[in-house]
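*Asks:* Have a look at the structure that comes next, please.
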Amino acid sequence: MRKVKENKSGRRQQRMAFDLHTHTLYSDGVSTPEELVKRAKEKGLTGVALTDHDTVDGLPAFLAAGRAYGLVCIPGVELSTELEGVEFHILGYQVDHTHTGLRERLKQVLAARRERARRMLELLARHGMELEWEEIVGDKPNAFVGRFQIYQALKAKKLIGPDEDRKVFNYLLGTQGVAYIPHRELSTLEAIALIRAAGGWPVLAHPGRLGNDRLLPTLVDHGLAGLEVYYPEHSPAVTAKYLTLARKFGLFVTGGSDYHGIPQERDLGDGQIDEQEAYLPFLWQ
């Protein structure tokens with residue numbers, strides 16, 4: 001929620017809160033871009049960034065909704081990448097979603113993602129869990145196919161139960177799962193360069209989930225601009241650690257919920273960042 005503090009004169013002023021990590025049904029979320037913006041407005045946020053995985057197709061509707069609701073809406077993307085065997089998710093803020101190079105590369109990435117998904121279905125079938133391709137893609141508005149769609153299809157076909165603790169997900173589709181195939185579609189350094197070429201600001205998402213910071217200097221040397229320090233799964237100690245690393249490497253700090261619109265998961269505004277806590281050069285671009 002939007003916070004209030006007193007300035008030096010004793011007057012109360014609103015503090016500007018942003019959720020800079022969200023997803024819609026254009027990737028692995030369940031909300032439309034319009035529903036996302038409406039909910040952000042209802043939550044009292046000043047602004048929100050849409051960062052769908054490997055696609056910018058939802059951004060025109062998102063930006064139009066922002067204008068309609070009077071909310072600061074930041075066009076973004078989240079790229080799933082790999083470098084030296086480590087998976088990195090790179091957020092890109094204020095990307096030009098009409099940029100030809102970005103759009104063409106993302107088409108290739110989405111095609112590779114679909115091939116990856118088909119191979120994961122083959123592995124699931126070996127474990128007695130057969131799904132047809134149509135049961136995965138349904139009537140989705142774009143070409144993105146990820147683990148979430150496979151997971152939901154398994155539930156819909158009653159091949160697995162509710163799985164509230166996500167143990168079945170982790171066994172089947174987690175990074176050590178029997179049907180997991182690593183991302184090989186895009187290298188991390190290429191992703192950073194791609195975001196820069198499209199006029200965006202590349203930020204490392206949820207670094208606390210990596211458990212390995214050895215490549216952070218390499219990412220900085222190749223143009224990384226920020227760290228997602230505030231994140232629902234980051235403990236206070238992890239948050240403090242990455243605040244220190246951000247200062248050390250001259251990176252700006254972001255925060256977001258990684259909202260997907262799924263009940264009982266993270267809510268919009270979790271992990272939000274106050275604009276006055278950090279220098280965010282892309283907010284008013």
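Residue numbers start at 1 in each chain; chains themselves are named A, B, ... in the order of the structure tokens; ligands are numbered from 1 in the order shown.
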So which residues touch A:Leu79 within 8 Å, counting only C-alpha atoms, skipping near sequence neighbours fewer than 4 positions away, as a PyMOL selection string?
*Replies:* chain A and resi 53-54+89-92+186+191
*Asks:* Set the distance at 9 Å and use only C-alpha atoms: which residues neighbour A:Phe18 once local chain neighbours fewer than 2 positions away are removed? I'd like the list as a count of residues only.
*Replies:* 16
*Asks:* Apply DSSP to the structure's backbone, then extract all residues of stretch 86-130 of chain A labelled helix (DSSP H, G or I) and return them as a list of chain:residue names.
*Replies:*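 Here are the helix (DSSP H, G or I) residues of stretch 86-130 of chain A: A:Thr100, A:Gly101, A:Leu102, A:Arg103, A:Glu104, A:Arg105, A:Leu106, A:Lys107, A:Gln108, A:Val109, A:Leu110, A:Ala111, A:Ala112, A:Arg113, A:Arg114, A:Glu115, A:Arg116, A:Ala117, A:Arg118, A:Arg119, A:Met120, A:Leu121, A:Glu122, A:Leu123, A:Leu124, A:Ala125, A:Arg126.
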*Asks:* For A:Glu35, which residue out of A:Gly58, A:Gly138, A:Gly161, A:Gly174 is the nearest one, using only C-alpha atoms?
*Replies:*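 Looking at the shortest contact to A:Glu35, the residue is A:Gly58.
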*Asks:* Just list as a list in words whatever in stretch 89-284 of chain A DSSP marks as strand (DSSP E or B).
*Replies:*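 Matching residues, listed in order: His89, Ile90, Leu91, Gly92, Tyr93, Ser187, Trp201, Pro202, Val203, Leu204, Gly226, Leu227, Glu228, Val229, Tyr230, Phe252, Val253, Thr254, Gly255, Tyr259, Ile273 and Asp274 of chain A.
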*Asks:* Give the answer as one residue: which of A:Val109, A:Leu50, A:Leu154, A:Leu215 has the shortest atom-to-atom distance to A:Glu185, using only C-alpha atoms?
*Replies:* A:Val109
*Asks:* I'd like to know which of A:Gly261, A:Pro75, A:Gly146, A:Pro182 is closest to A:Leu36, using only C-alpha atoms.
*Replies:*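 Looking only at the distances to A:Leu36, the closest residue turns out to be A:Gly261.
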*Asks:* To one decimal in Å, tell me the separation between atom CA of A:Val253 and atom CA of A:Pro207.
*Replies:* 11.7 Å
*Asks:* Within 10 Å of stretch 113-119 of chain A, which residues of stretch 130-155 of chain A show up? Give each one with its shortest atom-to-atom distance in Å (one decimal) and the two atoms involved, counting only C-alpha atoms, rows by chain then rising residue number, as JSON lines.
*Replies:*
{"residue": "A:Leu131", "atom": "CA", "partner": "A:Arg118", "partner_atom": "CA", "distance": 9.9}
{"residue": "A:Glu132", "atom": "CA", "partner": "A:Arg118", "partner_atom": "CA", "distance": 9.5}
{"residue": "A:Trp133", "atom": "CA", "partner": "A:Arg118", "partner_atom": "CA", "distance": 7.6}
{"residue": "A:Ile136", "atom": "CA", "partner": "A:Ala117", "partner_atom": "CA", "distance": 9.3}
{"residue": "A:Val137", "atom": "CA", "partner": "A:Arg114", "partner_atom": "CA", "distance": 9.8}
{"residue": "A:Ala143", "atom": "CA", "partner": "A:Arg114", "partner_atom": "CA", "distance": 7.8}
{"residue": "A:Phe144", "atom": "CA", "partner": "A:Arg114", "partner_atom": "CA", "distance": 7.3}
{"residue": "A:Val145", "atom": "CA", "partner": "A:Arg114", "partner_atom": "CA", "distance": 5.8}
{"residue": "A:Gly146", "atom": "CA", "partner": "A:Ala117", "partner_atom": "CA", "distance": 6.6}
{"residue": "A:Arg147", "atom": "CA", "partner": "A:Ala117", "partner_atom": "CA", "distance": 7.5}
{"residue": "A:Gln149", "atom": "CA", "partner": "A:Ala117", "partner_atom": "CA", "distance": 9.5}
{"residue": "A:Ile150", "atom": "CA", "partner": "A:Ala117", "partner_atom": "CA", "distance": 8.0}
*Asks:* Could you please take those selected residues and save all heavy atoms as an mmCIF file, in the first residue's frame?
*Replies:*
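Contents of the output file selection-v8.cif:
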data_model
loop_
_atom_site.group_PDB
_atom_site.id
_atom_site.type_symbol
_atom_site.label_atom_id
_atom_site.label_comp_id
_atom_site.auth_asym_id
_atom_site.auth_seq_id
_atom_site.Cartn_x
_atom_site.Cartn_y
_atom_site.Cartn_z
ATOM 1 N N LEU A 131 0.314 -35.751 -21.696
ATOM 2 C CA LEU A 131 -0.457 -34.567 -22.024
ATOM 3 C C LEU A 131 -0.361 -34.308 -23.523
ATOM 4 O O LEU A 131 0.706 -34.475 -24.114
ATOM 5 C CB LEU A 131 0.078 -33.333 -21.279
ATOM 6 C CG LEU A 131 -0.147 -33.251 -19.767
ATOM 7 C CD1 LEU A 131 0.657 -32.094 -19.189
ATOM 8 C CD2 LEU A 131 -1.629 -33.086 -19.442
ATOM 9 N N GLU A 132 -1.473 -33.886 -24.108
ATOM 10 C CA GLU A 132 -1.465 -33.463 -25.499
ATOM 11 C C GLU A 132 -1.054 -31.994 -25.566
ATOM 12 O O GLU A 132 -1.299 -31.217 -24.631
ATOM 13 C CB GLU A 132 -2.851 -33.645 -26.132
ATOM 14 C CG GLU A 132 -3.331 -35.086 -26.163
ATOM 15 C CD GLU A 132 -2.459 -35.968 -27.034
ATOM 16 O OE1 GLU A 132 -1.907 -35.452 -28.035
ATOM 17 O OE2 GLU A 132 -2.322 -37.160 -26.714
ATOM 18 N N TRP A 133 -0.429 -31.611 -26.670
ATOM 19 C CA TRP A 133 0.027 -30.238 -26.825
ATOM 20 C C TRP A 133 -1.127 -29.248 -26.675
ATOM 21 O O TRP A 133 -0.973 -28.197 -26.047
ATOM 22 C CB TRP A 133 0.703 -30.076 -28.183
ATOM 23 C CG TRP A 133 1.293 -28.714 -28.405
ATOM 24 C CD1 TRP A 133 0.868 -27.762 -29.277
ATOM 25 C CD2 TRP A 133 2.424 -28.147 -27.732
ATOM 26 N NE1 TRP A 133 1.668 -26.647 -29.206
ATOM 27 C CE2 TRP A 133 2.634 -26.852 -28.262
ATOM 28 C CE3 TRP A 133 3.289 -28.616 -26.740
ATOM 29 C CZ2 TRP A 133 3.656 -26.030 -27.829
ATOM 30 C CZ3 TRP A 133 4.316 -27.781 -26.305
ATOM 31 C CH2 TRP A 133 4.481 -26.511 -26.839
ATOM 32 N N ILE A 136 -1.985 -28.008 -23.337
ATOM 33 C CA ILE A 136 -1.052 -27.039 -22.761
ATOM 34 C C ILE A 136 -1.347 -25.635 -23.257
ATOM 35 O O ILE A 136 -1.475 -24.689 -22.475
ATOM 36 C CB ILE A 136 0.408 -27.397 -23.126
ATOM 37 C CG1 ILE A 136 0.722 -28.844 -22.742
ATOM 38 C CG2 ILE A 136 1.371 -26.430 -22.446
ATOM 39 C CD1 ILE A 136 0.621 -29.130 -21.285
ATOM 40 N N VAL A 137 -1.455 -25.475 -24.559
ATOM 41 C CA VAL A 137 -1.521 -24.129 -25.130
ATOM 42 C C VAL A 137 -2.916 -23.531 -25.069
ATOM 43 O O VAL A 137 -3.075 -22.313 -24.933
ATOM 44 C CB VAL A 137 -0.997 -24.116 -26.582
ATOM 45 C CG1 VAL A 137 0.463 -24.518 -26.613
ATOM 46 C CG2 VAL A 137 -1.808 -25.053 -27.472
ATOM 47 N N ALA A 143 2.617 -16.953 -28.024
ATOM 48 C CA ALA A 143 3.340 -18.202 -28.237
ATOM 49 C C ALA A 143 4.078 -18.698 -27.000
ATOM 50 O O ALA A 143 4.737 -19.738 -27.065
ATOM 51 C CB ALA A 143 4.339 -18.022 -29.383
ATOM 52 N N PHE A 144 4.009 -18.000 -25.874
ATOM 53 C CA PHE A 144 4.762 -18.406 -24.696
ATOM 54 C C PHE A 144 4.217 -19.725 -24.125
ATOM 55 O O PHE A 144 3.018 -19.876 -23.917
ATOM 56 C CB PHE A 144 4.693 -17.330 -23.608
ATOM 57 C CG PHE A 144 5.419 -17.712 -22.342
ATOM 58 C CD1 PHE A 144 6.746 -17.363 -22.168
ATOM 59 C CD2 PHE A 144 4.785 -18.430 -21.350
ATOM 60 C CE1 PHE A 144 7.429 -17.717 -21.013
ATOM 61 C CE2 PHE A 144 5.452 -18.787 -20.190
ATOM 62 C CZ PHE A 144 6.776 -18.434 -20.026
ATOM 63 N N VAL A 145 5.122 -20.653 -23.863
ATOM 64 C CA VAL A 145 4.776 -21.890 -23.163
ATOM 65 C C VAL A 145 5.878 -22.164 -22.151
ATOM 66 O O VAL A 145 7.051 -22.242 -22.501
ATOM 67 C CB VAL A 145 4.648 -23.092 -24.120
ATOM 68 C CG1 VAL A 145 4.238 -24.342 -23.336
ATOM 69 C CG2 VAL A 145 3.644 -22.818 -25.222
ATOM 70 N N GLY A 146 5.472 -22.295 -20.897
ATOM 71 C CA GLY A 146 6.443 -22.537 -19.841
ATOM 72 C C GLY A 146 5.970 -23.615 -18.885
ATOM 73 O O GLY A 146 4.945 -24.272 -19.105
ATOM 74 N N ARG A 147 6.729 -23.787 -17.815
ATOM 75 C CA ARG A 147 6.409 -24.842 -16.848
ATOM 76 C C ARG A 147 5.054 -24.626 -16.183
ATOM 77 O O ARG A 147 4.375 -25.592 -15.837
ATOM 78 C CB ARG A 147 7.516 -24.907 -15.790
ATOM 79 C CG ARG A 147 8.817 -25.495 -16.308
ATOM 80 C CD ARG A 147 9.853 -25.569 -15.212
ATOM 81 N NE ARG A 147 10.297 -24.243 -14.793
ATOM 82 C CZ ARG A 147 11.021 -24.008 -13.709
ATOM 83 N NH1 ARG A 147 11.373 -25.011 -12.910
ATOM 84 N NH2 ARG A 147 11.407 -22.781 -13.405
ATOM 85 N N GLN A 149 2.266 -23.505 -17.483
ATOM 86 C CA GLN A 149 1.191 -24.034 -18.320
ATOM 87 C C GLN A 149 1.148 -25.560 -18.244
ATOM 88 O O GLN A 149 0.075 -26.167 -18.192
ATOM 89 C CB GLN A 149 1.373 -23.594 -19.776
ATOM 90 C CG GLN A 149 0.977 -22.160 -20.054
ATOM 91 C CD GLN A 149 2.034 -21.171 -19.635
ATOM 92 O OE1 GLN A 149 3.178 -21.534 -19.379
ATOM 93 N NE2 GLN A 149 1.667 -19.907 -19.563
ATOM 94 N N ILE A 150 2.322 -26.188 -18.236
ATOM 95 C CA ILE A 150 2.370 -27.649 -18.117
ATOM 96 C C ILE A 150 1.809 -28.089 -16.766
ATOM 97 O O ILE A 150 1.018 -29.033 -16.674
ATOM 98 C CB ILE A 150 3.814 -28.143 -18.301
ATOM 99 C CG1 ILE A 150 4.310 -27.815 -19.715
ATOM 100 C CG2 ILE A 150 3.909 -29.645 -18.029
ATOM 101 C CD1 ILE A 150 5.777 -28.120 -19.937
#
*Asks:* With only C-alpha atoms as the atoms that count, which of A:Gly128, A:Pro281, A:Leu268, A:Ile262 lies nearest to A:Glu42?
*Replies:*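 Between A:Gly128, A:Pro281, A:Leu268, A:Ile262, the residue approaching A:Glu42 most closely is A:Leu268.
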*Asks:* Taking only C-alpha atoms into account, which of A:Tyr259, A:Phe148, A:Glu104, A:Ala198 comes nearest A:Arg39?
*Replies:*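 The answer is A:Tyr259, which sits nearest to A:Arg39.
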*Asks:* Pick the closest to A:Leu159 from A:Ala179, A:Leu216, A:Met129, A:Ala40: which is it, counting only C-alpha atoms?
*Replies:*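 Closest to A:Leu159 of all the choices is A:Met129.
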*Asks:* One number please: atom CA of A:Val220 to atom CA of A:Glu190, in Å, one decimal.
*Replies:* 13.1 Å
*Asks:* Might you pull out every residue within 9 Å of A:Val30, with only C-alpha atoms counted and same-chain residues fewer than 3 positions away left off, and present them as a list in words?
*Replies:*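 Answer for this query is His23, Thr24, Leu25, Tyr26, Ser27, His260, Gly261 and Ile262 of chain A.
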*Asks:* Just the selected residues (N, CA, C and O atoms), exported as a PDB file, in the first residue's frame, please.
*Replies:*
ATOM      1  N   HIS A  23       3.492 -10.346 -13.940  1.00  0.00           N
ATOM      2  CA  HIS A  23       3.250 -11.153 -15.135  1.00  0.00           C
ATOM      3  C   HIS A  23       1.751 -11.227 -15.433  1.00  0.00           C
ATOM      4  O   HIS A  23       0.922 -11.128 -14.523  1.00  0.00           O
ATOM      5  N   THR A  24       1.434 -11.405 -16.700  1.00  0.00           N
ATOM      6  CA  THR A  24       0.041 -11.562 -17.130  1.00  0.00           C
ATOM      7  C   THR A  24      -0.097 -12.845 -17.929  1.00  0.00           C
ATOM      8  O   THR A  24       0.852 -13.620 -18.079  1.00  0.00           O
ATOM      9  N   LEU A  25      -1.283 -13.061 -18.482  1.00  0.00           N
ATOM     10  CA  LEU A  25      -1.528 -14.273 -19.257  1.00  0.00           C
ATOM     11  C   LEU A  25      -0.762 -14.292 -20.579  1.00  0.00           C
ATOM     12  O   LEU A  25      -0.789 -15.298 -21.299  1.00  0.00           O
ATOM     13  N   TYR A  26      -0.060 -13.209 -20.884  1.00  0.00           N
ATOM     14  CA  TYR A  26       0.809 -13.245 -22.050  1.00  0.00           C
ATOM     15  C   TYR A  26       2.062 -14.080 -21.796  1.00  0.00           C
ATOM     16  O   TYR A  26       2.776 -14.416 -22.736  1.00  0.00           O
ATOM     17  N   SER A  27       2.351 -14.381 -20.512  1.00  0.00           N
ATOM     18  CA  SER A  27       3.396 -15.371 -20.228  1.00  0.00           C
ATOM     19  C   SER A  27       2.810 -16.379 -19.241  1.00  0.00           C
ATOM     20  O   SER A  27       1.933 -17.157 -19.621  1.00  0.00           O
ATOM     21  N   HIS A 260       1.763 -13.166 -10.233  1.00  0.00           N
ATOM     22  CA  HIS A 260       1.183 -13.931 -11.328  1.00  0.00           C
ATOM     23  C   HIS A 260      -0.350 -13.953 -11.290  1.00  0.00           C
ATOM     24  O   HIS A 260      -0.980 -14.481 -12.209  1.00  0.00           O
ATOM     25  N   GLY A 261      -0.929 -13.424 -10.229  1.00  0.00           N
ATOM     26  CA  GLY A 261      -2.385 -13.425 -10.117  1.00  0.00           C
ATOM     27  C   GLY A 261      -2.968 -14.733  -9.642  1.00  0.00           C
ATOM     28  O   GLY A 261      -4.183 -14.957  -9.754  1.00  0.00           O
ATOM     29  N   ILE A 262      -2.128 -15.617  -9.121  1.00  0.00           N
ATOM     30  CA  ILE A 262      -2.577 -16.935  -8.681  1.00  0.00           C
ATOM     31  C   ILE A 262      -2.943 -16.862  -7.201  1.00  0.00           C
ATOM     32  O   ILE A 262      -2.144 -16.402  -6.386  1.00  0.00           O
TER      33      ILE A 262
END
*Asks:* Mind giving me the straight-line distance from atom CA of A:Leu283 to atom CA of A:Leu224 in Å, one decimal?
*Replies:*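 So the answer is 17.0 Å.
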